[in-house]
$ cat protein_31.cif   # mmCIF, C-alpha atoms
data_protein
#
loop_
_atom_site.label_atom_id
_atom_site.label_comp_id
_atom_site.auth_asym_id
_atom_site.auth_seq_id
_atom_site.Cartn_x
_atom_site.Cartn_y
_atom_site.Cartn_z
CA GLU A 1378 0.00 0.00 0.00
CA ILE A 1379 2.88 2.37 0.74
CA PHE A 1380 4.51 1.87 -2.65
CA ILE A 1381 1.18 1.96 -4.46
CA GLY A 1382 0.64 5.32 -2.80
CA VAL A 1383 4.05 6.55 -3.92
CA TYR A 1384 3.48 5.42 -7.50
CA SER A 1385 -0.08 6.80 -7.61
CA VAL A 1386 1.20 10.24 -6.57
CA ALA A 1387 4.07 10.04 -9.08
CA ASP A 1388 1.64 9.05 -11.85
CA GLY A 1389 -0.78 11.84 -10.99
CA ILE A 1390 -3.66 9.65 -9.75
CA PRO A 1391 -3.56 9.91 -5.92
CA THR A 1392 -7.28 9.08 -5.75
CA LEU A 1393 -6.35 5.51 -6.72
CA SER A 1394 -4.35 5.18 -3.52
CA LEU A 1395 -7.06 6.95 -1.51
CA GLY A 1396 -9.65 4.46 -2.72
CA THR A 1397 -7.29 1.57 -1.98
CA LEU A 1398 -6.77 2.70 1.61
CA ILE A 1399 -10.40 3.47 2.43
CA GLY A 1400 -11.56 0.31 0.69
CA GLY A 1401 -8.86 -1.61 2.54
CA THR A 1402 -10.15 -0.46 5.92
CA ILE A 1403 -13.67 -1.55 4.98
CA VAL A 1404 -12.37 -4.92 3.77
CA LEU A 1405 -10.41 -5.47 6.98
CA LEU A 1406 -13.25 -4.61 9.34
CA THR A 1407 -15.97 -6.47 7.41
CA LEU A 1408 -14.69 -9.22 5.11
CA VAL A 1409 -11.48 -10.25 6.88
CA THR A 1410 -12.87 -9.99 10.42
CA GLY A 1411 -16.16 -11.53 9.32
CA LEU A 1412 -14.49 -14.53 7.70
CA ASN A 1413 -12.31 -14.92 10.76
CA GLY A 1414 -15.35 -15.29 12.98
CA ALA A 1415 -17.55 -17.19 10.53
CA LEU A 1416 -14.98 -19.86 9.70
CA PHE A 1417 -13.79 -20.40 13.25
CA SER A 1418 -16.96 -20.24 15.37
CA GLY A 1419 -16.61 -16.62 16.38
CA ILE A 1420 -13.88 -14.55 17.99
CA ALA A 1421 -13.46 -14.28 21.76
CA LEU A 1422 -11.39 -11.34 22.96
CA ASP A 1423 -12.18 -11.35 26.67
CA GLY A 1424 -9.81 -9.00 28.45
CA LYS A 1425 -8.20 -7.72 25.24
CA PHE A 1426 -10.33 -4.55 25.09
CA VAL A 1427 -10.29 -2.66 28.37
CA LYS A 1428 -11.75 0.50 29.91
CA TYR A 1429 -9.98 2.66 32.44
CA SER A 1430 -9.67 6.20 33.76
CA LEU A 1431 -8.04 8.95 31.69
CA CYS A 1432 -5.67 9.48 34.64
CA LYS A 1433 -3.77 6.40 33.54
CA ILE A 1434 -2.29 8.24 30.55
CA LEU A 1435 -2.96 11.92 31.38
CA PRO A 1436 -2.73 12.14 35.18
CA ARG A 1437 -2.33 15.94 35.24
CA VAL A 1438 -5.73 16.63 33.66
CA PRO A 1439 -7.94 17.93 36.50
CA ILE A 1440 -11.03 15.92 35.58
CA CYS A 1441 -9.17 12.80 34.44
CA ASN A 1442 -10.80 10.62 37.09
CA ARG A 1443 -14.23 11.41 35.65
CA VAL A 1444 -13.40 10.40 32.09
CA GLN A 1445 -13.39 6.75 31.03
CA ILE A 1446 -11.41 5.55 28.00
CA HIS A 1447 -12.12 2.34 26.12
CA ASP A 1448 -9.77 0.66 23.65
CA LEU A 1449 -12.62 0.35 21.16
CA GLY A 1450 -13.22 4.09 21.40
CA ILE A 1451 -9.59 4.85 20.50
CA LEU A 1452 -9.72 2.43 17.58
CA GLY A 1453 -13.03 3.87 16.41
CA ILE A 1454 -11.63 7.41 16.36
CA VAL A 1455 -8.60 6.29 14.35
CA PHE A 1456 -10.74 4.40 11.83
CA ILE A 1457 -13.50 6.96 11.41
CA THR A 1458 -11.60 10.26 11.34
CA PRO A 1459 -10.70 10.01 7.61
CA ALA A 1460 -14.42 9.76 6.83
CA PHE A 1461 -15.19 13.00 8.66
CA LEU A 1462 -12.27 14.85 7.08
CA LEU A 1463 -13.46 13.73 3.63
CA SER A 1464 -17.02 14.90 4.26
CA ASP A 1465 -16.26 18.29 2.68
CA GLY A 1466 -15.13 16.66 -0.57
CA ARG A 1467 -11.44 17.39 -0.21
CA LEU A 1468 -8.34 16.23 1.61
CA SER A 1469 -5.91 19.01 2.49
CA ARG A 1470 -2.43 19.00 3.99
CA ILE A 1471 -3.97 20.11 7.28
CA ASP A 1472 -6.17 17.00 7.14
CA GLY A 1473 -3.06 14.96 6.42
CA ALA A 1474 -1.27 16.41 9.43
CA ILE A 1475 -4.28 15.65 11.65
CA LEU A 1476 -4.39 12.02 10.52
CA THR A 1477 -0.63 11.59 10.93
CA LEU A 1478 -0.66 13.02 14.46
CA LEU A 1479 -3.69 10.89 15.31
CA TYR A 1480 -1.85 7.75 14.28
CA LEU A 1481 1.22 8.76 16.28
CA PHE A 1482 -1.03 9.17 19.32
CA PHE A 1483 -2.50 5.72 18.59
CA VAL A 1484 1.00 4.20 18.54
CA TRP A 1485 2.00 5.99 21.74
CA TYR A 1486 -1.23 4.87 23.40
CA TYR A 1487 -0.71 1.19 22.65
CA LEU A 1488 2.99 1.24 23.44
CA HIS A 1489 2.06 2.78 26.77
CA GLU A 1490 -0.55 0.07 27.31
CA SER A 1491 1.68 -2.86 26.33
CA GLN A 1492 4.86 -1.89 28.20
CA ASN A 1493 3.95 -4.23 31.04
CA HIS A 1494 3.24 -7.17 28.73
CA THR A 1495 6.58 -7.55 26.97
CA ALA A 1496 8.60 -9.21 29.72
CA GLY A 1497 9.86 -12.66 28.98
CA LEU A 1498 9.58 -12.34 25.21
CA VAL A 1499 13.31 -12.24 24.55
CA GLY A 1500 14.56 -15.31 22.72
CA GLU A 1501 17.31 -16.40 20.42
CA ASN A 1502 17.77 -13.93 17.54
CA PRO A 1503 18.65 -15.01 14.01
CA PRO A 1504 21.91 -13.65 12.54
CA LEU A 1505 21.78 -9.93 11.73
CA PHE A 1506 22.95 -10.42 8.14
CA ARG A 1507 20.12 -12.82 7.43
CA ASN A 1508 17.57 -10.38 8.81
CA VAL A 1509 18.95 -7.44 6.81
CA ALA A 1510 19.16 -9.49 3.61
CA ALA A 1511 15.59 -10.76 4.00
CA PHE A 1512 14.35 -7.24 4.71
CA LEU A 1513 16.06 -5.72 1.66
CA PHE A 1514 14.85 -8.52 -0.59
CA SER A 1515 11.29 -8.06 0.66
CA ILE A 1516 11.45 -4.32 -0.02
CA LEU A 1517 12.69 -4.99 -3.55
CA VAL A 1518 9.84 -7.43 -4.17
CA LEU A 1519 7.31 -4.90 -2.87
CA ILE A 1520 8.68 -2.12 -5.08
CA VAL A 1521 8.56 -4.26 -8.21
CA SER A 1522 5.14 -5.70 -7.36
CA ALA A 1523 3.66 -2.25 -6.71
CA ARG A 1524 4.94 -1.00 -10.08
CA VAL A 1525 3.42 -3.98 -11.86
CA ILE A 1526 0.11 -3.46 -10.04
CA MET A 1527 0.08 0.22 -10.94
CA ASP A 1528 0.81 -0.44 -14.63
CA GLY A 1529 -1.93 -3.06 -14.78
CA SER A 1530 -4.35 -0.80 -12.93
CA GLU A 1531 -3.82 2.09 -15.32
CA VAL A 1532 -4.55 -0.18 -18.29
CA LEU A 1533 -7.72 -1.50 -16.67
CA LEU A 1534 -8.85 2.01 -15.73
CA THR A 1535 -8.80 2.95 -19.40
CA ARG A 1536 -10.47 -0.20 -20.68
CA LEU A 1537 -13.16 -0.43 -18.00
CA ASN A 1538 -13.86 3.32 -17.96
CA ILE A 1539 -13.93 3.33 -14.16
CA SER A 1540 -12.74 6.07 -11.82
CA PRO A 1541 -9.38 5.52 -10.07
CA PHE A 1542 -11.02 5.92 -6.66
CA LEU A 1543 -13.64 3.24 -7.33
CA PHE A 1544 -11.07 0.86 -8.80
CA GLY A 1545 -8.95 1.28 -5.70
CA VAL A 1546 -11.92 0.68 -3.40
CA ILE A 1547 -13.22 -2.45 -5.12
CA VAL A 1548 -10.15 -4.13 -6.63
CA LEU A 1549 -6.99 -2.96 -4.86
CA GLY A 1550 -8.75 -2.65 -1.52
CA VAL A 1551 -9.10 -6.44 -1.53
CA GLY A 1552 -5.84 -7.25 -3.31
CA THR A 1553 -3.60 -5.30 -0.96
CA ASN A 1554 -5.12 -7.08 2.04
CA LEU A 1555 -4.60 -10.63 0.85
CA PRO A 1556 -1.75 -11.02 3.40
CA GLU A 1557 -4.22 -10.35 6.23
CA LEU A 1558 -6.58 -12.94 4.76
CA THR A 1559 -3.70 -15.42 4.61
CA ILE A 1560 -2.68 -14.78 8.21
CA MET A 1561 -6.28 -15.16 9.30
CA LEU A 1562 -6.68 -18.52 7.52
CA ARG A 1563 -3.37 -19.90 8.81
CA ALA A 1564 -3.74 -18.76 12.41
CA ARG A 1565 -4.60 -21.47 14.87
CA LYS A 1566 -7.72 -21.27 16.99
CA SER A 1567 -5.62 -20.24 19.98
CA ALA A 1568 -4.19 -17.37 17.96
CA ARG A 1569 -7.48 -15.83 16.80
CA ASP A 1570 -6.79 -12.69 18.85
CA VAL A 1571 -3.38 -12.34 17.19
CA SER A 1572 -5.05 -12.47 13.78
CA VAL A 1573 -7.59 -9.85 14.84
CA GLY A 1574 -4.80 -7.67 16.24
CA ASN A 1575 -3.01 -7.83 12.90
CA THR A 1576 -6.23 -6.86 11.12
CA LEU A 1577 -6.90 -3.89 13.41
CA GLY A 1578 -3.29 -2.73 13.18
CA SER A 1579 -3.43 -2.79 9.39
CA ALA A 1580 -6.68 -0.81 9.40
CA ALA A 1581 -5.15 1.79 11.73
CA ALA A 1582 -2.06 2.04 9.50
CA ASN A 1583 -4.35 2.94 6.59
CA THR A 1584 -5.25 6.11 8.48
CA LEU A 1585 -1.57 7.05 8.66
CA LEU A 1586 -1.11 6.35 4.94
CA ILE A 1587 -4.12 8.51 4.07
CA GLY A 1588 -2.54 11.29 6.10
CA LEU A 1589 0.82 10.93 4.33
CA LEU A 1590 -0.98 10.81 0.98
CA ALA A 1591 -2.75 14.09 1.79
CA LEU A 1592 0.54 15.70 2.79
CA ALA A 1593 2.14 14.64 -0.50
CA ALA A 1594 -0.81 15.27 -2.83
CA PRO A 1595 -3.76 17.28 -1.45
CA MET A 1596 -7.01 16.47 -3.25
CA SER A 1597 -10.14 18.49 -3.96
CA SER A 1598 -13.43 18.00 -5.84
CA LEU A 1599 -13.83 14.55 -4.30
CA ALA A 1600 -17.56 14.85 -3.61
CA GLN A 1601 -18.52 12.15 -6.11
CA PRO A 1602 -21.34 9.64 -5.44
CA GLU A 1603 -18.95 6.70 -5.08
CA LEU A 1604 -16.83 8.53 -2.50
CA ILE A 1605 -19.83 9.76 -0.51
CA PHE A 1606 -21.26 6.24 -0.47
CA THR A 1607 -17.90 4.71 0.49
CA VAL A 1608 -17.36 7.19 3.33
CA GLY A 1609 -20.88 6.49 4.58
CA ILE A 1610 -20.26 2.75 4.58
CA LEU A 1611 -16.96 3.31 6.41
CA VAL A 1612 -18.79 5.15 9.19
CA ILE A 1613 -21.45 2.42 9.40
CA THR A 1614 -18.75 -0.27 9.41
CA VAL A 1615 -16.79 1.29 12.26
CA LEU A 1616 -19.89 1.90 14.39
CA LEU A 1617 -21.19 -1.63 13.77
CA PHE A 1618 -17.77 -3.13 14.52
CA ILE A 1619 -17.55 -1.28 17.84
CA PHE A 1620 -21.12 -2.20 18.77
CA LEU A 1621 -20.66 -5.92 18.05
CA PHE A 1622 -17.40 -6.21 20.00
CA HIS A 1623 -18.48 -3.90 22.81
CA THR A 1624 -21.43 -6.10 23.81
CA ARG A 1625 -19.44 -9.01 25.29
CA ASN A 1626 -15.93 -8.69 23.86
CA VAL A 1627 -17.04 -11.56 21.64
CA LEU A 1628 -17.93 -11.68 17.96
CA SER A 1629 -20.28 -14.60 17.32
CA ARG A 1630 -20.54 -16.51 14.05
CA ILE A 1631 -23.87 -14.82 13.26
CA GLU A 1632 -22.40 -11.37 13.96
CA SER A 1633 -19.44 -12.27 11.74
CA CYS A 1634 -21.84 -13.11 8.94
CA VAL A 1635 -23.48 -9.70 9.44
CA LEU A 1636 -20.11 -8.04 8.76
CA ILE A 1637 -19.65 -10.12 5.60
CA LEU A 1638 -23.17 -9.23 4.48
CA LEU A 1639 -22.38 -5.54 4.97
CA TYR A 1640 -19.42 -5.87 2.61
CA VAL A 1641 -21.58 -7.64 0.01
CA LEU A 1642 -24.16 -4.85 0.25
CA PHE A 1643 -21.35 -2.33 -0.14
CA LEU A 1644 -20.28 -3.95 -3.42
CA ILE A 1645 -23.85 -4.08 -4.67
CA GLY A 1646 -24.35 -0.42 -3.80
CA GLN A 1647 -21.18 0.62 -5.62
CA ASN A 1648 -22.30 -1.31 -8.69
CA LEU A 1649 -25.70 0.40 -8.65
CA LEU A 1650 -24.04 3.82 -8.47
CA ARG A 1651 -21.99 3.26 -11.64
#
$ encode --input "protein_31.cif" --output "structure tokens"
Amino acid sequence: EIFIGVYSVADGIPTLSLGTLIGGTIVLLTLVTGLNGALFSGIALDGKFVKYSLCKILPRVPICNRVQIHDLGILGIVFITPAFLLSDGRLSRIDGAILTLLYLFFVWYYLHESQNHTAGLVGENPPLFRNVAAFLFSILVLIVSARVIMDGSEVLLTRLNISPFLFGVIVLGVGTNLPELTIMLRARKSARDVSVGNTLGSAAANTLLIGLLALAAPMSSLAQPELIFTVGILVITVLLFIFLFHTRNVLSRIESCVLILLYVLFLIGQNLLR
């Protein structure tokens, strides 16, 4: 997604990357999470989402003991903020800065929360050279793959007569999240929460990438029907996701199917708007 964003800006079609990122968040919260729960008899996250006083992270705020913070609330703000910033039909550099700072707060928040849960995780490390070589090779593969995807996308955009934003939402939004689908399918039952954590982290990272995209290539005149509909579905998706998990910290198989159904309805709606 990062390199697709770089290439889309370089090729003068940043809306392709914007659609990919927003569509990716919808895919992660509906299709990927839904399949995770539907295929494996639901998702139990008891104790993973917590609520506590604001004093835990901002003790100097006078009324901190009166304000309760919930993990789902923080996630919801990170996921839904791009939708509100896009409601005026444009994405400015100021919007980009807001999204970038929001993601940095998100990272700080979870690092602060997890600092007491990292003890005992130190093990034998592979050789440094092997790690560096694997990392550089992976970056090279990503760069080449992103260029191939962009070239193919530009050809299809011309032949299908479809807007870059919509193509990113429907096609690349799914394609760029195939790794999350793979991790979800390969994760053992005991590691369902790890799979969900990977999904939520990827969705949050999309907010950062939208912010960086806005900083690099501000966009205006975005108030098209497909974008308005997509932003609306994003808001509905986030609110539904929070509601389903907030009830019992459990996502049942039926609730998982509801998320999948929402994604199907999203595709049908986009097709009707064309």
$ resolve_selection --input "protein_31.cif" --expression "the PyMOL selection byres ((chain A and resi 1635) around 10)" --output "PyMOL selection string"
chain A and resi 1407-1408+1411+1415+1617+1621+1629-1634+1636-1641
$ residues_around --input "protein_31.cif" --residues "Gln1601 of chain A" --least-positions-apart "5" --cutoff "12 Å" --atoms "only C-alpha atoms" --output "VMD selection string"
chain A and resid 1392 1463 to 1467 1540 to 1543 1606 to 1608 1647 1650 to 1651
$ resolve_selection --input "protein_31.cif" --expression "the PyMOL selection byres ((chain A and resi 1420) around 6)" --output "list in words"
Gly1414, Gly1419, Ala1421, Val1627 and Leu1628 of chain A
$ closest_residue --input "protein_31.cif" --among "A:Thr1402, A:Ser1394, A:Thr1410, A:Asn1538" --to "Ser1579 of chain A" --atoms "only C-alpha atoms"
A:Thr1402
$ resolve_selection --input "protein_31.cif" --expression "the PyMOL selection byres ((chain A and resi 1511-1523) around 12)" --output "ChimeraX atom specification"
/A:1378-1385,1394,1503-1510,1524-1530,1549,1552-1553
$ closest_residue --input "protein_31.cif" --among "A:Ile1471, A:Ser1418, A:Val1546, A:Val1615" --to "Phe1643 of chain A" --atoms "only C-alpha atoms"
A:Val1546
$ atom_distance --input "protein_31.cif" --atom1 "atom CA of Leu1585 of chain A" --atom2 "atom CA of Leu1476 of chain A"
6.0 Å
$ residues_around --input "protein_31.cif" --residues "Phe1483 of chain A" --least-positions-apart "6" --cutoff "12 Å" --atoms "only C-alpha atoms" --output "mmCIF file with C-alpha atoms, in the coordinates of the input"
data_model
loop_
_atom_site.group_PDB
_atom_site.id
_atom_site.type_symbol
_atom_site.label_atom_id
_atom_site.label_comp_id
_atom_site.auth_asym_id
_atom_site.auth_seq_id
_atom_site.Cartn_x
_atom_site.Cartn_y
_atom_site.Cartn_z
ATOM 1 C CA ASP A 1448 -9.770 0.660 23.650
ATOM 2 C CA LEU A 1449 -12.620 0.350 21.160
ATOM 3 C CA GLY A 1450 -13.220 4.090 21.400
ATOM 4 C CA ILE A 1451 -9.590 4.850 20.500
ATOM 5 C CA LEU A 1452 -9.720 2.430 17.580
ATOM 6 C CA GLY A 1453 -13.030 3.870 16.410
ATOM 7 C CA ILE A 1454 -11.630 7.410 16.360
ATOM 8 C CA VAL A 1455 -8.600 6.290 14.350
ATOM 9 C CA PHE A 1456 -10.740 4.400 11.830
ATOM 10 C CA LEU A 1476 -4.390 12.020 10.520
ATOM 11 C CA THR A 1477 -0.630 11.590 10.930
ATOM 12 C CA HIS A 1489 2.060 2.780 26.770
ATOM 13 C CA GLU A 1490 -0.550 0.070 27.310
ATOM 14 C CA LEU A 1577 -6.900 -3.890 13.410
ATOM 15 C CA GLY A 1578 -3.290 -2.730 13.180
ATOM 16 C CA ALA A 1581 -5.150 1.790 11.730
ATOM 17 C CA ALA A 1582 -2.060 2.040 9.500
ATOM 18 C CA THR A 1584 -5.250 6.110 8.480
ATOM 19 C CA LEU A 1585 -1.570 7.050 8.660
#
